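What follows is my_file_29.cif (mmCIF, C-alpha atoms).
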```
data_entry
loop_
_atom_site.label_atom_id
_atom_site.label_comp_id
_atom_site.auth_asym_id
_atom_site.auth_seq_id
_atom_site.Cartn_x
_atom_site.Cartn_y
_atom_site.Cartn_z
CA MET I 204 0.00 0.00 0.00
CA THR I 205 1.14 3.54 -0.71
CA PRO I 206 1.55 5.47 2.57
CA VAL I 207 -0.40 8.66 3.19
CA ILE I 208 1.28 11.74 4.71
CA ALA I 209 -1.00 14.52 5.95
CA PHE I 210 0.37 17.96 6.79
CA GLY I 211 -1.30 20.88 8.53
CA GLU I 212 -3.25 21.66 11.65
CA ALA I 213 -4.11 19.36 14.51
CA LEU I 214 -6.42 21.15 16.90
CA VAL I 215 -8.99 20.46 19.59
CA ASP I 216 -12.66 20.71 18.62
CA MET I 217 -14.68 21.91 21.60
CA LEU I 218 -18.06 20.46 20.62
CA SER I 219 -21.20 22.08 21.96
CA SER I 220 -23.71 19.92 23.81
CA ARG I 221 -26.53 21.75 22.02
CA LEU I 222 -28.09 20.66 18.75
CA GLY I 223 -29.83 23.78 17.44
CA ALA I 224 -30.50 27.07 19.18
CA GLY I 225 -33.94 26.43 20.63
CA THR I 226 -33.02 24.97 24.00
CA ASP I 227 -32.90 26.24 27.56
CA THR I 228 -30.36 23.68 28.73
CA GLN I 229 -26.94 24.87 29.85
CA GLU I 230 -24.38 24.69 27.04
CA THR I 231 -21.22 22.70 27.69
CA PHE I 232 -18.28 21.90 25.42
CA THR I 233 -16.54 18.53 25.14
CA PRO I 234 -12.99 18.34 23.74
CA TYR I 235 -12.47 16.12 20.70
CA ALA I 236 -9.22 15.65 18.79
CA GLY I 237 -9.53 17.20 15.33
CA GLY I 238 -8.03 19.37 12.60
CA ALA I 239 -8.78 18.48 8.97
CA PRO I 240 -5.38 17.00 7.92
CA ALA I 241 -5.08 15.13 11.22
CA ASN I 242 -8.59 13.76 10.71
CA VAL I 243 -7.56 12.46 7.27
CA ALA I 244 -4.45 10.80 8.73
CA VAL I 245 -6.63 9.02 11.31
CA ALA I 246 -9.24 8.12 8.69
CA CYS I 247 -6.57 6.39 6.60
CA ALA I 248 -5.02 4.63 9.59
CA ARG I 249 -8.41 3.27 10.70
CA LEU I 250 -8.77 1.79 7.21
CA GLY I 251 -5.43 -0.01 7.49
CA VAL I 252 -3.31 2.43 5.46
CA PRO I 253 0.21 3.39 6.64
CA SER I 254 -0.42 6.96 7.75
CA GLN I 255 1.77 9.77 9.04
CA PHE I 256 0.90 13.23 10.34
CA LEU I 257 3.28 16.17 10.01
CA GLY I 258 2.64 19.27 12.07
CA MET I 259 3.34 21.27 15.19
CA VAL I 260 1.38 21.41 18.44
CA GLY I 261 1.88 23.29 21.65
CA ASP I 262 3.84 21.70 24.48
CA ASP I 263 0.66 21.93 26.52
CA THR I 264 -2.20 19.78 27.76
CA PHE I 265 -4.11 19.93 24.48
CA GLY I 266 -1.04 19.28 22.33
CA HIS I 267 -0.14 16.13 24.26
CA PHE I 268 -3.81 15.06 24.14
CA LEU I 269 -3.76 15.32 20.33
CA VAL I 270 -0.57 13.32 19.96
CA ARG I 271 -1.87 10.58 22.26
CA GLU I 272 -5.06 10.40 20.21
CA LEU I 273 -3.20 10.24 16.89
CA LYS I 274 -0.94 7.50 18.20
CA SER I 275 -3.85 5.51 19.65
CA HIS I 276 -5.41 5.31 16.17
CA GLY I 277 -2.21 4.04 14.58
CA VAL I 278 -0.91 7.25 13.02
CA ASP I 279 2.88 7.69 12.76
CA ILE I 280 3.64 10.72 14.95
CA SER I 281 7.41 10.85 14.39
CA GLY I 282 6.91 14.03 12.32
CA VAL I 283 4.97 15.91 15.02
CA VAL I 284 6.91 18.71 16.71
CA PHE I 285 6.14 20.27 20.12
CA THR I 286 6.75 23.95 20.75
CA GLN I 287 6.59 26.28 23.74
CA GLU I 288 6.37 29.33 21.46
CA ALA I 289 2.59 29.06 20.99
CA ARG I 290 -0.41 27.15 22.25
CA THR I 291 -2.35 24.40 20.50
CA ALA I 292 -5.25 25.78 18.46
CA LEU I 293 -8.86 25.37 19.65
CA ALA I 294 -12.09 25.43 17.66
CA PHE I 295 -15.41 25.90 19.47
CA VAL I 296 -18.02 24.09 17.36
CA SER I 297 -21.76 24.83 17.47
CA ARG I 298 -24.32 22.74 15.57
CA ASP I 299 -27.71 23.50 14.09
CA ASP I 300 -30.72 21.18 14.10
CA VAL I 301 -29.29 18.98 11.32
CA GLY I 302 -25.72 18.85 12.64
CA GLU I 303 -24.23 21.54 10.38
CA ARG I 304 -21.45 23.43 12.13
CA THR I 305 -20.26 26.93 12.83
CA PHE I 306 -16.74 27.49 14.16
CA ASP I 307 -15.14 29.97 16.52
CA PHE I 308 -11.37 29.48 16.21
CA TYR I 309 -8.72 30.37 18.78
CA ARG I 310 -6.05 30.70 16.05
CA PRO I 311 -3.84 32.68 15.36
CA PRO I 312 -1.62 32.62 17.24
CA ALA I 313 -1.25 28.85 17.29
CA ALA I 314 1.49 26.26 17.29
CA ASP I 315 0.60 24.73 13.91
CA LEU I 316 1.46 28.02 12.16
CA LEU I 317 5.08 27.79 13.34
CA TYR I 318 6.01 24.64 11.39
CA ARG I 319 8.92 25.19 8.99
CA LEU I 320 10.67 23.11 6.33
CA GLU I 321 13.54 22.37 8.70
CA HIS I 322 11.06 20.43 10.85
CA LEU I 323 10.43 17.89 8.08
CA PRO I 324 11.71 14.39 8.94
CA HIS I 325 14.80 13.44 6.96
CA GLY I 326 13.93 11.63 3.74
CA VAL I 327 10.18 12.01 4.23
CA PHE I 328 9.52 11.97 0.46
CA GLU I 329 12.21 9.45 -0.54
CA ASN I 330 9.64 6.72 -1.22
CA PRO I 331 6.36 7.04 -3.16
CA ALA I 332 3.59 8.46 -0.99
CA ILE I 333 0.38 10.45 -1.09
CA LEU I 334 0.79 13.92 0.44
CA HIS I 335 -2.49 15.45 1.64
CA LEU I 336 -2.89 19.19 2.25
CA CYS I 337 -5.65 21.69 3.07
CA SER I 338 -5.97 25.45 2.62
CA ASN I 339 -5.96 26.19 6.35
CA SER I 340 -2.16 26.09 6.23
CA LEU I 341 -2.19 29.09 3.88
CA THR I 342 -3.68 31.62 6.29
CA ASP I 343 -0.33 33.06 7.42
CA PRO I 344 2.48 34.02 4.97
CA GLU I 345 5.19 31.82 6.50
CA ILE I 346 3.09 28.66 6.78
CA ALA I 347 1.74 29.30 3.26
CA ASP I 348 5.30 29.31 1.92
CA VAL I 349 5.99 26.03 3.73
CA THR I 350 2.82 24.41 2.38
CA LEU I 351 3.43 25.42 -1.24
CA ALA I 352 7.10 24.38 -1.02
CA MET I 353 6.15 21.03 0.48
CA ALA I 354 3.69 20.34 -2.36
CA THR I 355 6.43 21.12 -4.91
CA MET I 356 8.98 18.94 -3.11
CA ALA I 357 6.60 15.99 -2.91
CA LYS I 358 5.57 16.23 -6.54
CA ARG I 359 9.16 16.41 -7.75
CA ALA I 360 9.95 13.33 -5.66
CA GLY I 361 7.23 11.34 -7.44
CA CYS I 362 4.58 11.57 -4.74
CA LEU I 363 0.90 12.23 -5.48
CA VAL I 364 -0.41 15.49 -4.02
CA SER I 365 -3.98 15.58 -2.74
CA VAL I 366 -5.65 18.85 -1.70
CA ASP I 367 -8.97 19.48 0.05
CA ALA I 368 -9.94 23.16 -0.28
CA ASN I 369 -11.68 23.02 3.13
CA LEU I 370 -12.18 26.79 3.31
CA ARG I 371 -12.59 28.30 6.77
CA HIS I 372 -12.99 31.99 6.05
CA ASN I 373 -12.84 33.08 9.70
CA LEU I 374 -9.24 31.79 9.91
CA TRP I 375 -8.12 34.35 7.31
CA PRO I 376 -7.24 38.01 7.91
CA GLY I 377 -10.30 40.05 6.99
CA GLY I 378 -12.59 37.04 7.26
CA GLU I 379 -12.27 35.89 3.63
CA ALA I 380 -10.00 33.29 2.08
CA ASP I 381 -7.46 34.49 -0.48
CA ALA I 382 -8.93 32.84 -3.58
CA SER I 383 -5.81 33.41 -5.65
CA LEU I 384 -3.51 31.79 -3.09
CA VAL I 385 -5.88 28.88 -2.53
CA THR I 386 -6.13 28.31 -6.27
CA GLN I 387 -2.32 28.27 -6.48
CA LEU I 388 -2.31 25.36 -4.03
CA LEU I 389 -5.14 23.59 -5.85
CA ASP I 390 -3.26 23.80 -9.14
CA GLY I 391 -0.31 21.97 -7.56
CA ALA I 392 -2.50 18.96 -6.77
CA GLU I 393 -3.28 15.87 -8.79
CA LEU I 394 -6.35 15.01 -6.72
CA LEU I 395 -8.61 17.88 -5.69
CA LYS I 396 -11.68 17.88 -3.46
CA LEU I 397 -13.92 20.86 -2.85
CA SER I 398 -17.54 21.50 -2.00
CA GLN I 399 -20.06 23.16 -4.29
CA GLU I 400 -20.03 26.19 -1.98
CA GLU I 401 -16.23 26.38 -2.18
CA LEU I 402 -16.33 26.05 -5.95
CA ASP I 403 -18.77 28.95 -6.17
CA TYR I 404 -16.56 31.12 -3.96
CA LEU I 405 -13.30 30.35 -5.75
CA ARG I 406 -14.63 30.70 -9.29
CA ALA I 407 -16.29 34.07 -8.49
CA ASP I 408 -17.87 35.24 -11.77
CA HIS I 409 -16.15 32.52 -13.85
CA PRO I 410 -18.48 29.85 -15.29
CA ALA I 411 -18.06 26.68 -13.27
CA GLU I 412 -17.13 24.46 -16.22
CA SER I 413 -14.55 26.96 -17.42
CA TRP I 414 -12.96 27.23 -13.96
CA LEU I 415 -12.82 23.43 -13.61
CA SER I 416 -11.27 23.09 -17.06
CA GLU I 417 -8.55 25.55 -16.02
CA ARG I 418 -7.68 23.37 -13.04
CA LEU I 419 -7.44 20.27 -15.23
CA ALA I 420 -5.28 22.19 -17.70
CA ALA I 421 -2.99 23.20 -14.80
CA GLY I 422 -2.30 19.53 -14.05
CA VAL I 423 -5.07 18.41 -11.70
CA LYS I 424 -6.06 14.89 -12.73
CA VAL I 425 -9.30 14.34 -10.82
CA ILE I 426 -11.67 16.86 -9.21
CA LEU I 427 -14.32 15.80 -6.71
CA ILE I 428 -17.18 18.17 -5.92
CA THR I 429 -19.26 17.37 -2.85
CA ASP I 430 -22.59 18.95 -1.93
CA GLY I 431 -23.68 17.69 1.48
CA PRO I 432 -26.20 14.85 1.06
CA ASN I 433 -26.46 15.43 -2.70
CA ASP I 434 -24.56 13.70 -5.50
CA VAL I 435 -20.76 13.80 -5.64
CA VAL I 436 -19.45 14.91 -9.04
CA ILE I 437 -16.25 13.40 -10.45
CA LYS I 438 -14.47 15.48 -13.11
CA GLY I 439 -11.41 14.51 -15.11
CA VAL I 440 -10.17 14.41 -18.67
CA GLY I 441 -12.84 12.31 -20.38
CA ILE I 442 -14.56 11.55 -17.05
CA ASP I 443 -17.80 13.10 -15.78
CA GLN I 444 -19.63 10.94 -13.22
CA ARG I 445 -22.13 11.47 -10.43
CA ILE I 446 -22.48 9.23 -7.37
CA ALA I 447 -25.26 9.44 -4.79
CA PRO I 448 -24.11 9.06 -1.16
CA PRO I 449 -26.13 6.94 1.29
CA LYS I 450 -29.01 8.68 3.04
CA VAL I 451 -28.36 9.04 6.78
CA GLU I 452 -29.51 11.25 9.64
CA ALA I 453 -26.66 13.65 10.42
CA VAL I 454 -25.74 14.35 14.03
CA ASP I 455 -22.42 16.16 13.57
CA THR I 456 -20.86 16.96 10.18
CA THR I 457 -17.46 17.92 11.64
CA ALA I 458 -15.49 15.08 10.04
CA GLY I 459 -17.75 14.18 7.14
CA GLY I 460 -15.52 15.68 4.45
CA ASP I 461 -12.35 14.36 6.06
CA ALA I 462 -13.81 10.86 6.31
CA PHE I 463 -14.75 11.13 2.63
CA ILE I 464 -11.26 12.10 1.45
CA GLY I 465 -9.67 9.61 3.87
CA GLY I 466 -11.75 6.81 2.40
CA LEU I 467 -10.82 7.86 -1.12
CA LEU I 468 -7.10 8.05 -0.30
CA ALA I 469 -7.30 4.61 1.31
CA GLU I 470 -8.72 3.21 -1.94
CA LEU I 471 -6.04 5.02 -3.94
CA SER I 472 -3.35 3.73 -1.58
CA ALA I 473 -4.46 0.16 -2.23
CA HIS I 474 -4.82 0.71 -5.98
CA GLY I 475 -1.41 2.38 -6.39
CA ILE I 476 -0.46 5.79 -7.75
CA ASP I 477 0.82 4.74 -11.15
CA GLU I 478 0.39 7.29 -13.92
CA ASN I 479 -2.92 5.85 -15.16
CA TRP I 480 -5.03 5.73 -11.98
CA GLN I 481 -7.03 8.77 -13.08
CA ASN I 482 -8.11 7.05 -16.31
CA ASP I 483 -9.66 4.02 -14.61
CA ALA I 484 -13.35 5.00 -14.51
CA ASP I 485 -14.37 1.79 -12.72
CA PHE I 486 -11.78 2.35 -9.99
CA LEU I 487 -12.84 5.98 -9.53
CA HIS I 488 -16.49 5.01 -9.25
CA ARG I 489 -15.71 2.31 -6.69
CA ALA I 490 -13.35 4.56 -4.72
CA VAL I 491 -15.78 7.47 -4.55
CA ASP I 492 -18.62 5.15 -3.57
CA THR I 493 -16.49 3.95 -0.64
CA ALA I 494 -15.60 7.55 0.19
CA CYS I 495 -19.29 8.48 0.27
CA ARG I 496 -19.97 5.66 2.71
CA CYS I 497 -17.11 6.81 4.93
CA GLY I 498 -18.49 10.35 5.00
CA ALA I 499 -22.02 9.14 5.66
CA HIS I 500 -20.85 7.03 8.61
CA ALA I 501 -18.88 9.92 10.12
CA VAL I 502 -21.77 12.40 10.21
CA THR I 503 -23.92 10.04 12.27
CA ARG I 504 -21.56 10.35 15.27
CA PRO I 505 -20.18 13.27 17.30
CA GLY I 506 -16.57 14.37 17.14
CA ALA I 507 -13.89 13.82 14.53
CA TYR I 508 -11.49 10.92 15.19
CA ALA I 509 -14.17 9.03 17.10
CA SER I 510 -16.55 9.14 14.13
CA LEU I 511 -14.15 7.87 11.46
CA PRO I 512 -15.06 4.41 10.12
CA THR I 513 -13.26 1.10 9.90
CA HIS I 514 -13.79 -1.39 7.05
CA ALA I 515 -16.38 -3.16 9.23
CA ASP I 516 -18.32 0.10 9.64
CA ILE I 517 -18.35 0.64 5.87
CA GLU I 518 -19.61 -2.88 5.21
CA ALA I 519 -22.32 -2.49 7.84
CA LEU I 520 -23.53 0.66 6.10
CA ARG I 521 -23.33 -1.07 2.71
CA ASN I 522 -25.53 -3.90 3.98
CA SER I 523 -28.05 -1.73 5.84
#
```

What's the structure tokens form of this structure?
Amino acid sequence: MTPVIAFGEALVDMLSSRLGAGTDTQETFTPYAGGAPANVAVACARLGVPSQFLGMVGDDTFGHFLVRELKSHGVDISGVVFTQEARTALAFVSRDDVGERTFDFYRPPAADLLYRLEHLPHGVFENPAILHLCSNSLTDPEIADVTLAMATMAKRAGCLVSVDANLRHNLWPGGEADASLVTQLLDGAELLKLSQEELDYLRADHPAESWLSERLAAGVKVILITDGPNDVVIKGVGIDQRIAPPKVEAVDTTAGGDAFIGGLLAELSAHGIDENWQNDADFLHRAVDTACRCGAHAVTRPGAYASLPTHADIEALRNS
């Protein structure tokens, strides 16, 4: 199997006890290990894929909690760095009546923004791997430079670069993501995942098909467009498919997208990252179907790591 390496933020999701606003009960917050790239690393590990997380956390209670959680799920933590220069990031997560989230981030400052290229483990890209990135490591100039450089290094070394747009506007100065910078990262990927809402934001007044064609022309091989419970669209050169995810009752959508991309990367890891994977329509259909089931399972449970499925969970959903 091809190993998966995820880089970016590991943070603590403080999940509200409330589901929706119409309640008189006292609100409490429960800490769950999270952070989109860390979630993907755990998702892959729970599906039996060799998985490593690269990032920085504070040398504090929450940072050590995150590393223990990553390790307990089988993620290689040898590339995690502790720092006393900043605290581990927190995200307070509120949910509406159908489990959709709003975030209040305690970041910046945060430890994950202080990771630099010199913190990379020696020889990390010497062997073929899948490097997974998100746009939340572009929100500060220095960590953006690291993220873009890492994507270039991995690609030159023969690794496959996967990017989930995963826009969180309230992490950016001014409250809006830098569409140009995010698009620069997307164009360095071979596998790209974004939601319909993210597509609409990034394309601005560009027609959607034109914007997607520009990404494919830049070198992206496969684009996946998710839309909550609606069909997932698969775009590639000569490929245009739609797959309907399973219908479930969502409780917490925190890790739904990360479970989806983790399931897809697990399928790609098993298939191999030879130069023709993107042309195998049957493989893509099967992989995205599995990814949809992973995402559907995750949204039926609270928290991030705790909601990510195993193969047994996927089969149970397939047979239900």

**Asked** How many Å lie between atom CA of Cys337 of chain I and atom CA of Asp367 of chain I, rounded to one decimal?
**Response** 5.0 Å

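Interatomic distance, atom CA of Gly277 of chain I against atom CA of Cys247 of chain I: 9.4 Å.
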
**Request:** Could you please determine the separation between atom CA of Val440 of chain I and atom CA of Ala392 of chain I in Å, to one decimal place?
**Result:** 14.9 Å

**Message:** Which residue is closest to Ile446 of chain I? Choose from I:Asn522, I:Thr205, I:Ser254, I:Thr493 and count only C-alpha atoms.
**Reply:** I:Thr493

**Request:** Given the file shown, enumerate the residues that the PyMOL selection byres ((chain I and resi 383) around 12) captures and present them as an MDAnalysis selection string.
**Result:** chainID I and resid 338 341 379:382 384:390 404:407

**Item:** Nearest residue to Val278 of chain I from the set I:Gln255, I:Gln444, I:Ser297, I:Asn339 (distances using only C-alpha atoms)
**Value:** I:Gln255

**Message:** Once the PyMOL selection byres ((chain I and resi 433) around 10) is applied to the coordinates I shared, what remains selected? I want it as a list in words.
**Reply:** Thr429, Asp430, Gly431, Pro432, Asp434, Val435, Val436, Arg445, Ile446, Ala447, Pro448, Pro449 and Lys450 of chain I

**Prompt:** Which residue, I:Asp443, I:Glu417, I:Glu393, I:Asp483, has the smallest gap to Ser365 of chain I when you use only C-alpha atoms?
**Reply:**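 When distances to Ser365 of chain I are compared using only C-alpha atoms, the smallest one comes from I:Glu393.
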